[in-house]
>>> print(open('model38.txt').read())   # compact mmCIF, C-alpha atoms and all ligand atoms
# COMPACT_ATOMS: atom_id res chain seq x y z
CA MET A 1 129.56 88.50 113.31
CA ALA A 2 126.42 90.58 112.90
CA CYS A 3 124.28 89.70 109.88
CA PRO A 4 123.74 92.57 107.46
CA PRO A 5 120.17 93.89 107.64
CA LYS A 6 117.71 92.55 105.09
CA ILE A 7 115.47 95.32 103.83
CA MET A 8 112.69 94.11 101.58
CA LEU A 9 110.03 95.86 99.53
CA VAL A 10 106.93 93.89 98.53
CA THR A 11 104.66 95.60 96.01
CA GLY A 12 100.90 95.10 96.25
CA ALA A 13 101.33 93.77 99.77
CA SER A 14 98.11 94.86 101.47
CA ARG A 15 96.48 91.48 100.74
CA GLY A 16 96.89 88.12 99.01
CA ILE A 17 100.28 86.69 98.05
CA GLY A 18 102.05 90.00 98.75
CA ALA A 19 100.72 90.21 102.31
CA ALA A 20 101.62 86.57 103.00
CA THR A 21 105.13 87.19 101.64
CA ALA A 22 105.58 90.30 103.80
CA ARG A 23 104.52 88.37 106.93
CA LEU A 24 106.77 85.39 106.19
CA ALA A 25 109.69 87.71 105.38
CA ALA A 26 109.31 89.33 108.80
CA ALA A 27 109.23 85.93 110.49
CA GLU A 28 112.50 85.14 108.68
CA GLY A 29 114.19 88.32 109.90
CA CYS A 30 113.56 90.98 107.25
CA ASP A 31 112.46 94.57 107.69
CA VAL A 32 109.61 95.07 105.24
CA ALA A 33 108.17 97.93 103.22
CA VAL A 34 104.51 97.18 102.46
CA ASN A 35 103.46 98.90 99.24
CA TYR A 36 99.75 99.32 98.57
CA ARG A 37 97.64 101.17 96.04
CA ARG A 38 94.38 102.01 97.86
CA ASP A 39 93.67 100.02 101.03
CA LYS A 40 95.65 101.85 103.73
CA ALA A 41 93.94 100.04 106.61
CA ALA A 42 94.84 96.62 105.19
CA ALA A 43 98.45 97.71 104.52
CA ASP A 44 98.76 99.14 108.04
CA ALA A 45 97.54 95.80 109.43
CA VAL A 46 100.25 93.92 107.49
CA ALA A 47 102.88 96.42 108.68
CA ALA A 48 101.66 95.93 112.28
CA ASP A 49 102.12 92.16 111.88
CA VAL A 50 105.68 92.74 110.66
CA GLU A 51 106.38 94.85 113.75
CA ARG A 52 104.79 92.22 116.01
CA ALA A 53 107.36 89.79 114.57
CA GLY A 54 110.06 92.14 115.89
CA ARG A 55 111.02 93.76 112.60
CA ARG A 56 110.70 97.30 111.25
CA ALA A 57 107.94 98.11 108.76
CA VAL A 58 106.59 100.95 106.69
CA ALA A 59 103.39 101.02 104.63
CA VAL A 60 103.70 103.21 101.52
CA ALA A 61 100.93 104.13 99.05
CA ALA A 62 102.09 104.11 95.43
CA ASP A 63 100.77 103.03 92.06
CA VAL A 64 103.61 100.95 90.58
CA ALA A 65 102.56 101.98 87.07
CA VAL A 66 103.34 105.66 87.79
CA GLU A 67 107.03 106.64 87.61
CA ASP A 68 106.84 109.45 90.17
CA ASP A 69 104.99 107.19 92.61
CA VAL A 70 107.68 104.52 92.30
CA GLU A 71 110.50 107.02 92.83
CA ARG A 72 108.72 108.36 95.94
CA LEU A 73 108.09 104.80 97.16
CA PHE A 74 111.79 103.91 96.98
CA ALA A 75 112.86 107.25 98.51
CA THR A 76 110.51 106.57 101.43
CA VAL A 77 112.03 103.13 101.93
CA ASP A 78 115.54 104.70 101.86
CA ALA A 79 114.54 107.22 104.51
CA ARG A 80 112.50 104.94 106.76
CA LEU A 81 114.26 101.56 106.56
CA GLY A 82 117.59 102.12 104.77
CA ARG A 83 119.16 100.76 101.59
CA LEU A 84 117.02 98.10 99.93
CA THR A 85 118.41 94.57 99.62
CA HIS A 86 115.39 92.55 98.43
CA LEU A 87 112.50 93.29 96.07
CA VAL A 88 109.34 91.31 95.36
CA CYS A 89 107.47 92.58 92.29
CA ASN A 90 104.08 91.17 93.19
CA ALA A 91 101.54 93.90 92.32
CA GLY A 92 99.44 92.71 89.43
CA ILE A 93 96.04 92.82 87.78
CA THR A 94 94.33 90.44 85.38
CA GLY A 95 92.12 92.90 83.52
CA PRO A 96 88.57 91.80 82.62
CA LEU A 97 87.76 88.21 81.64
CA SER A 98 87.51 88.49 77.85
CA ARG A 99 88.48 87.04 74.50
CA VAL A 100 91.13 89.15 72.76
CA ASP A 101 88.72 90.32 70.04
CA ALA A 102 86.46 91.89 72.69
CA LEU A 103 89.15 93.44 74.91
CA PRO A 104 89.33 97.27 74.80
CA ALA A 105 92.83 98.68 74.25
CA LYS A 106 92.44 100.71 77.45
CA ALA A 107 92.05 97.52 79.51
CA ALA A 108 95.02 95.88 77.78
CA ARG A 109 97.12 98.98 78.44
CA GLU A 110 96.23 98.95 82.15
CA VAL A 111 97.36 95.34 82.44
CA LEU A 112 100.66 96.05 80.67
CA ASP A 113 101.25 99.28 82.63
CA THR A 114 100.76 97.64 86.03
CA ASN A 115 102.32 94.26 85.38
CA VAL A 116 105.18 95.07 82.99
CA LEU A 117 105.99 98.78 83.28
CA GLY A 118 105.43 98.55 87.05
CA ALA A 119 107.94 95.70 87.35
CA PHE A 120 110.44 97.60 85.17
CA LEU A 121 110.13 100.82 87.21
CA CYS A 122 110.55 98.95 90.51
CA ALA A 123 113.45 96.86 89.22
CA ARG A 124 115.22 99.94 87.88
CA ALA A 125 114.90 101.74 91.21
CA ALA A 126 116.05 98.60 93.05
CA ILE A 127 119.17 98.25 90.86
CA ALA A 128 120.25 101.75 91.92
CA ARG A 129 120.18 100.56 95.57
CA MET A 130 121.41 96.95 95.25
CA SER A 131 123.99 96.75 92.45
CA THR A 132 127.60 96.70 93.60
CA ARG A 133 128.31 98.80 90.50
CA ARG A 134 126.13 101.49 92.06
CA GLY A 135 127.69 101.22 95.53
CA GLY A 136 125.16 98.72 96.87
CA ALA A 137 125.81 95.51 98.78
CA GLY A 138 124.01 93.25 96.30
CA GLY A 139 120.61 91.67 96.75
CA ALA A 140 117.87 89.68 95.11
CA MET A 141 114.63 90.24 93.24
CA VAL A 142 111.68 87.96 92.64
CA PHE A 143 109.03 88.63 90.01
CA ILE A 144 105.61 87.08 90.48
CA SER A 145 104.56 85.73 87.10
CA SER A 146 101.82 83.17 86.51
CA ALA A 147 101.48 79.68 85.04
CA MET A 148 99.38 81.55 82.45
CA ALA A 149 102.69 82.74 80.94
CA THR A 150 103.11 79.24 79.50
CA LEU A 151 99.41 78.29 79.17
CA GLY A 152 98.29 81.37 77.20
CA GLY A 153 95.04 82.22 78.98
CA ALA A 154 92.91 81.54 75.86
CA GLY A 155 89.34 82.82 76.09
CA GLU A 156 89.99 84.54 79.41
CA TYR A 157 93.20 86.42 80.04
CA VAL A 158 95.50 86.42 77.01
CA MET A 159 96.90 89.91 77.62
CA TYR A 160 97.46 89.03 81.27
CA ALA A 161 99.35 85.90 80.13
CA ALA A 162 101.35 88.04 77.70
CA SER A 163 102.23 90.49 80.46
CA LYS A 164 103.51 87.63 82.60
CA GLY A 165 105.59 86.32 79.68
CA ALA A 166 107.12 89.79 79.44
CA ILE A 167 107.96 89.78 83.16
CA GLU A 168 109.78 86.47 82.71
CA SER A 169 111.90 87.93 79.90
CA LEU A 170 112.59 90.99 82.04
CA SER A 171 113.77 88.80 84.91
CA LEU A 172 116.02 86.67 82.68
CA GLY A 173 117.61 89.73 81.07
CA LEU A 174 118.14 91.39 84.42
CA ALA A 175 119.58 88.20 85.88
CA ARG A 176 122.26 88.21 83.19
CA GLU A 177 122.78 91.98 83.27
CA LEU A 178 123.30 91.95 87.05
CA ALA A 179 125.00 88.59 87.49
CA GLN A 180 128.38 90.15 88.28
CA GLU A 181 126.88 92.97 90.35
CA GLY A 182 125.71 90.87 93.30
CA VAL A 183 122.04 90.85 92.33
CA ARG A 184 120.07 87.66 91.57
CA CYS A 185 116.73 87.80 89.71
CA ASN A 186 114.22 84.97 89.61
CA VAL A 187 110.58 84.26 88.81
CA VAL A 188 107.86 82.46 90.72
CA GLU A 189 105.12 81.10 88.47
CA PRO A 190 102.02 80.35 90.56
CA GLY A 191 99.08 78.27 89.37
CA PRO A 192 95.62 78.88 90.85
CA ILE A 193 96.03 80.36 94.33
CA ALA A 194 93.16 81.10 96.72
CA THR A 195 93.15 84.91 96.85
CA GLY A 196 90.70 87.70 96.12
CA ILE A 197 91.99 88.18 92.56
CA HIS A 198 89.49 85.67 91.09
CA PRO A 199 85.94 86.45 90.01
CA PRO A 200 83.34 84.31 91.89
CA GLY A 201 83.45 80.62 90.90
CA ARG A 202 86.60 80.87 88.76
CA LEU A 203 89.05 79.40 91.26
CA GLU A 204 86.92 76.24 91.63
CA HIS A 205 86.67 75.96 87.84
CA ILE A 206 90.39 76.30 87.10
CA THR A 207 91.39 74.09 90.02
CA LYS A 208 89.84 71.13 88.14
CA ALA A 209 92.92 71.21 85.87
CA VAL A 210 95.40 71.06 88.78
CA PRO A 211 96.86 67.54 89.12
CA MET A 212 97.18 67.90 92.92
CA GLY A 213 93.43 68.62 93.03
CA ARG A 214 93.58 71.74 95.15
CA PRO A 215 94.32 75.42 94.72
CA GLY A 216 97.57 76.69 96.19
CA THR A 217 97.69 78.79 99.33
CA MET A 218 99.29 82.21 99.60
CA GLU A 219 101.87 80.62 101.89
CA ASP A 220 102.74 77.99 99.25
CA VAL A 221 103.82 80.90 97.04
CA ALA A 222 105.41 82.99 99.80
CA ARG A 223 107.70 80.11 100.80
CA ALA A 224 108.95 79.78 97.23
CA VAL A 225 109.57 83.54 97.04
CA LEU A 226 111.50 83.56 100.31
CA PHE A 227 113.62 80.62 99.12
CA LEU A 228 114.61 82.49 95.95
CA LEU A 229 115.42 85.62 97.95
CA SER A 230 117.49 83.74 100.52
CA ASP A 231 121.10 82.62 100.47
CA GLN A 232 119.74 79.05 100.16
CA SER A 233 119.46 79.80 96.42
CA SER A 234 122.83 81.55 96.10
CA PHE A 235 123.71 80.07 92.65
CA THR A 236 120.18 80.44 91.25
CA THR A 237 119.54 83.38 88.95
CA GLY A 238 117.46 83.67 85.79
CA ALA A 239 115.33 80.75 86.99
CA VAL A 240 111.59 80.14 86.95
CA LEU A 241 110.09 78.22 89.86
CA ARG A 242 106.61 76.90 89.09
CA VAL A 243 104.31 76.63 92.11
CA ALA A 244 101.23 75.15 90.48
CA GLY A 245 100.44 71.72 91.90
CA GLY A 246 101.65 69.98 88.75
CA ARG A 247 99.75 72.23 86.29
P1 LIG A 301 95.41 90.28 94.89
O1 LIG A 301 94.45 90.97 93.98
O2 LIG A 301 94.97 89.84 96.23
O3 LIG A 301 96.75 91.12 95.06
C1 LIG A 301 97.25 91.97 94.08
C2 LIG A 301 97.74 93.20 94.80
O4 LIG A 301 98.36 94.09 93.87
C3 LIG A 301 96.59 93.97 95.45
O5 LIG A 301 96.94 94.29 96.76
C4 LIG A 301 96.47 95.21 94.57
O6 LIG A 301 95.99 96.35 95.27
C5 LIG A 301 97.91 95.39 94.14
N1 LIG A 301 98.02 96.23 92.96
C6 LIG A 301 97.36 96.11 91.79
N2 LIG A 301 97.71 97.10 90.97
C7 LIG A 301 98.61 97.87 91.63
C8 LIG A 301 99.32 99.03 91.29
N3 LIG A 301 99.19 99.62 90.09
N4 LIG A 301 100.16 99.56 92.21
C9 LIG A 301 100.32 98.98 93.42
N5 LIG A 301 99.65 97.87 93.79
C10 LIG A 301 98.80 97.32 92.90
O7 LIG A 301 95.90 89.01 94.06
P2 LIG A 301 97.05 87.93 94.33
O8 LIG A 301 96.47 86.65 93.86
O9 LIG A 301 97.62 88.02 95.70
O10 LIG A 301 98.11 88.39 93.23
C11 LIG A 301 99.45 88.71 93.52
C12 LIG A 301 100.29 88.41 92.30
O11 LIG A 301 100.23 87.02 92.02
C13 LIG A 301 99.80 89.12 91.02
O12 LIG A 301 100.91 89.58 90.28
C14 LIG A 301 99.08 88.00 90.27
O13 LIG A 301 99.08 88.23 88.89
C15 LIG A 301 99.93 86.81 90.66
N6 LIG A 301 99.28 85.52 90.50
C16 LIG A 301 98.17 85.19 91.22
C17 LIG A 301 97.58 83.95 91.01
C18 LIG A 301 96.35 83.52 91.75
O14 LIG A 301 95.72 82.53 91.37
N7 LIG A 301 95.94 84.22 92.81
C19 LIG A 301 98.13 83.04 90.10
C20 LIG A 301 99.26 83.42 89.39
C21 LIG A 301 99.84 84.65 89.60
>>> encode(input="model38.txt", output="C-alpha cells")
Amino acid sequence: MACPPKIMLVTGASRGIGAATARLAAAEGCDVAVNYRRDKAAADAVAADVERAGRRAVAVAADVAVEDDVERLFATVDARLGRLTHLVCNAGITGPLSRVDALPAKAAREVLDTNVLGAFLCARAAIARMSTRRGGAGGAMVFISSAMATLGGAGEYVMYAASKGAIESLSLGLARELAQEGVRCNVVEPGPIATGIHPPGRLEHITKAVPMGRPGTMEDVARAVLFLLSDQSSFTTGAVLRVAGGR
C-alpha cells in the first residue's frame, strides 16, 4: 500500500532550528515548504538540500505576522506541493535584551505579532487544509516554544517568555479543538540551542545553568519535532516536550 504523501511547512526555515527541521523532515520522507522572511539565498540552499534528499521543495518568502503573506504562503504550498499535512510554527524573534520597564511598546508588539499572531495565522490556515471537518486527511502541528515560557526571562526577555507562554496555550486549545478532526498539536520547549538567535556571549552565559553542561544542537530540537509530527506519537496531543538538557 502506498503511503500518503507528507507535505510539511516549516516557518522561519532559512536557518537555525527551522532549517535543521526541514532537512531532517526530507531525510524522513517529507516534501517540505521552506518559509523565509528575507534571506532567499539561504532558503534556496535549504530547499536544494531537501531536493537532494529526493523530496520536493519550495522556498516561499512571507512574513508570518502579516495575514496576506500567510494566506499567499499557504496558497503557494497548495499549488506547488499539494494539501498540507504537517506544520512547524518555528519562526520567532526575541526582541531586544531589556528589562520590562525599559522595553518600548513597539518592540513588545513586534515580538507578539511574530511569535503569537504568526502562529495563530499559520495554524488557522493549516486547519483549513488538515482538519477532516474541512475535507482534509488530518495531520499534525508542532509549535516551537522556549524553556523561557516556564522560567520567565527576568531581566532579559520577559515579553519573549510571555509570547512563548501564549503559544503553549494556543497549542493546548487547538489540540482539544481538533482532537476529533485528525489533527494533533504539540509543543517543543527548547533550552539554550546553538543558533544565530543569541547576541554574542549570551549562549555561553546561559549554558552555565544547563545541568547537562552544554547547549543543545539544532538537530536535538529537530529530532523532537519530527517525533511529535510522526505516527510514533499517535496518542500524543496537547503535550509539551522540553528539550533543554535538564534545565
Ligand atoms: P534563528 O534566528 O536562527 O531562526 C529564526 C527564524 O525565524 C529566522 O530564519 C528568521 O528569519 C525567522 N523569522 C523571524 N521572524 C519572522 C517572520 N515574521 N516571518 C517569517 N520568518 C521569520 O533562531 P532559532 O534559534 O533557530 O529559533 C527558531 C525558534 O526556536 C524560534 O521560535 C525561537 O524562539 C525558538 N527557540 C530558540 C532557542 C535557542 O536557544 N536558539 C531556544 C528556545 C526557543
>>> closest_residue(input="model38.txt", among="A:Arg247, A:Arg23, A:Arg83, A:Arg242", to="Ala209 of chain A", atoms="only C-alpha atoms")
A:Arg247
>>> residues_near_ligand(input="model38.txt", ligand="ligand LIG 301 (chain A)", cutoff="6 Å", atoms="only C-alpha atoms and all ligand atoms", output="PyMOL selection string")
chain A and resi 11-18+36-37+62-65+90-93+114+144-146+190-197
>>> atom_distance(input="model38.txt", atom1="atom CA of Val187 of chain A", atom2="atom CA of Phe143 of chain A")
4.8 Å
>>> residues_around(input="model38.txt", residues="Leu81 of chain A", least_positions_apart="5", cutoff="9 Å", atoms="only C-alpha atoms", output="list in words")
Ile7, Asp31, Val32, Ala33, Arg56, Ala57, Val58 and Thr76 of chain A
>>> closest_residue(input="model38.txt", among="A:His205, A:Ala108, A:Glu177, A:Leu121", to="Ser163 of chain A", atoms="all atoms listed in the file")
A:Ala108
>>> closest_residue(input="model38.txt", among="A:Leu178, A:Ala123, A:Ala244, A:Ala19", to="Leu84 of chain A", atoms="all atoms listed in the file")
A:Ala123
>>> closest_residue(input="model38.txt", among="A:Ala149, A:Leu103, A:Val111, A:Ala222", to="Ala22 of chain A", atoms="only C-alpha atoms")
A:Ala222
>>> closest_residue(input="model38.txt", among="A:Glu168, A:Ala179, A:Leu229, A:Gly245", to="Pro215 of chain A", atoms="only C-alpha atoms")
A:Gly245
>>> closest_residue(input="model38.txt", among="A:Lys208, A:Ala48, A:Val142, A:Ser233", to="Val221 of chain A", atoms="all atoms listed in the file")
A:Val142
>>> atom_distance(input="model38.txt", atom1="atom CA of Met148 of chain A", atom2="atom CA of Thr94 of chain A")
10.6 Å
>>> residues_around(input="model38.txt", residues="Ser98 of chain A", least_positions_apart="5", cutoff="9 Å", atoms="only C-alpha atoms", output="PyMOL selection string")
chain A and resi 103+155-158
>>> residues_around(input="model38.txt", residues="Arg184 of chain A", least_positions_apart="4", cutoff="6 Å", atoms="all atoms listed in the file", output="PDB file with C-alpha atoms, in the coordinates of the input")
ATOM      1  CA  ALA A 140     117.870  89.680  95.110  1.00  0.00           C
ATOM      2  CA  ALA A 175     119.580  88.200  85.880  1.00  0.00           C
ATOM      3  CA  THR A 237     119.540  83.380  88.950  1.00  0.00           C
TER       4      THR A 237
END
>>> residues_around(input="model38.txt", residues="segment 67-73 of chain A", least_positions_apart="6", cutoff="9 Å", atoms="all atoms listed in the file", output="PDB file with C-alpha atoms, in the coordinates of the input")
ATOM      1  CA  ASN A  35     103.460  98.900  99.240  1.00  0.00           C
ATOM      2  CA  VAL A  60     103.700 103.210 101.520  1.00  0.00           C
ATOM      3  CA  ALA A  61     100.930 104.130  99.050  1.00  0.00           C
ATOM      4  CA  GLY A 118     105.430  98.550  87.050  1.00  0.00           C
ATOM      5  CA  LEU A 121     110.130 100.820  87.210  1.00  0.00           C
ATOM      6  CA  CYS A 122     110.550  98.950  90.510  1.00  0.00           C
ATOM      7  CA  ALA A 125     114.900 101.740  91.210  1.00  0.00           C
TER       8      ALA A 125
END
>>> residues_near_point(input="model38.txt", point="(106.5, 91.6, 87.4)", cutoff="6 Å", atoms="all atoms listed in the file", output="number ranges by chain")
A: 89, 115-116, 119, 143-144, 167
>>> atom_distance(input="model38.txt", atom1="atom CA of Lys40 of chain A", atom2="atom CA of Phe74 of chain A")
17.6 Å
>>> decode(input="model38.txt", residues="segment 160-176 of chain A", atoms="N, CA, C and O atoms", output="compact mmCIF listing (two decimals), in the first residue's frame")
# COMPACT_ATOMS: atom_id res chain seq x y z
N TYR A 160 9.24 38.08 25.45
CA TYR A 160 9.50 36.86 24.66
C TYR A 160 8.96 35.64 25.41
O TYR A 160 8.25 34.80 24.84
N ALA A 161 9.29 35.55 26.71
CA ALA A 161 8.79 34.43 27.52
C ALA A 161 7.26 34.41 27.51
O ALA A 161 6.64 33.36 27.38
N ALA A 162 6.66 35.60 27.64
CA ALA A 162 5.19 35.69 27.64
C ALA A 162 4.62 35.23 26.30
O ALA A 162 3.58 34.56 26.25
N SER A 163 5.30 35.57 25.22
CA SER A 163 4.81 35.15 23.90
C SER A 163 4.86 33.62 23.77
O SER A 163 3.99 33.01 23.16
N LYS A 164 5.89 33.03 24.37
CA LYS A 164 6.01 31.57 24.28
C LYS A 164 4.96 30.89 25.17
O LYS A 164 4.42 29.83 24.83
N GLY A 165 4.65 31.52 26.32
CA GLY A 165 3.55 31.00 27.14
C GLY A 165 2.25 31.02 26.35
O GLY A 165 1.45 30.08 26.41
N ALA A 166 2.04 32.10 25.59
CA ALA A 166 0.81 32.20 24.79
C ALA A 166 0.76 31.11 23.73
O ALA A 166 -0.31 30.52 23.48
N ILE A 167 1.89 30.82 23.11
CA ILE A 167 1.93 29.76 22.08
C ILE A 167 1.54 28.42 22.71
O ILE A 167 0.84 27.61 22.09
N GLU A 168 1.98 28.20 23.94
CA GLU A 168 1.67 26.92 24.59
C GLU A 168 0.16 26.80 24.86
O GLU A 168 -0.42 25.73 24.68
N SER A 169 -0.46 27.91 25.25
CA SER A 169 -1.91 27.89 25.44
C SER A 169 -2.63 27.67 24.12
O SER A 169 -3.62 26.94 24.04
N LEU A 170 -2.12 28.32 23.08
CA LEU A 170 -2.70 28.15 21.74
C LEU A 170 -2.66 26.68 21.33
O LEU A 170 -3.65 26.11 20.85
N SER A 171 -1.50 26.06 21.53
CA SER A 171 -1.35 24.66 21.12
C SER A 171 -2.29 23.74 21.91
O SER A 171 -2.94 22.86 21.34
N LEU A 172 -2.40 23.99 23.23
CA LEU A 172 -3.28 23.14 24.05
C LEU A 172 -4.73 23.29 23.62
O LEU A 172 -5.46 22.30 23.47
N GLY A 173 -5.15 24.54 23.40
CA GLY A 173 -6.53 24.77 22.97
C GLY A 173 -6.81 24.13 21.62
O GLY A 173 -7.85 23.48 21.42
N LEU A 174 -5.88 24.29 20.71
CA LEU A 174 -6.05 23.69 19.38
C LEU A 174 -6.07 22.17 19.47
O LEU A 174 -6.84 21.51 18.77
N ALA A 175 -5.21 21.63 20.32
CA ALA A 175 -5.15 20.16 20.47
C ALA A 175 -6.54 19.63 20.83
O ALA A 175 -7.00 18.62 20.28
N ARG A 176 -7.20 20.34 21.75
CA ARG A 176 -8.52 19.88 22.21
C ARG A 176 -9.60 20.19 21.17
O ARG A 176 -10.52 19.40 20.96
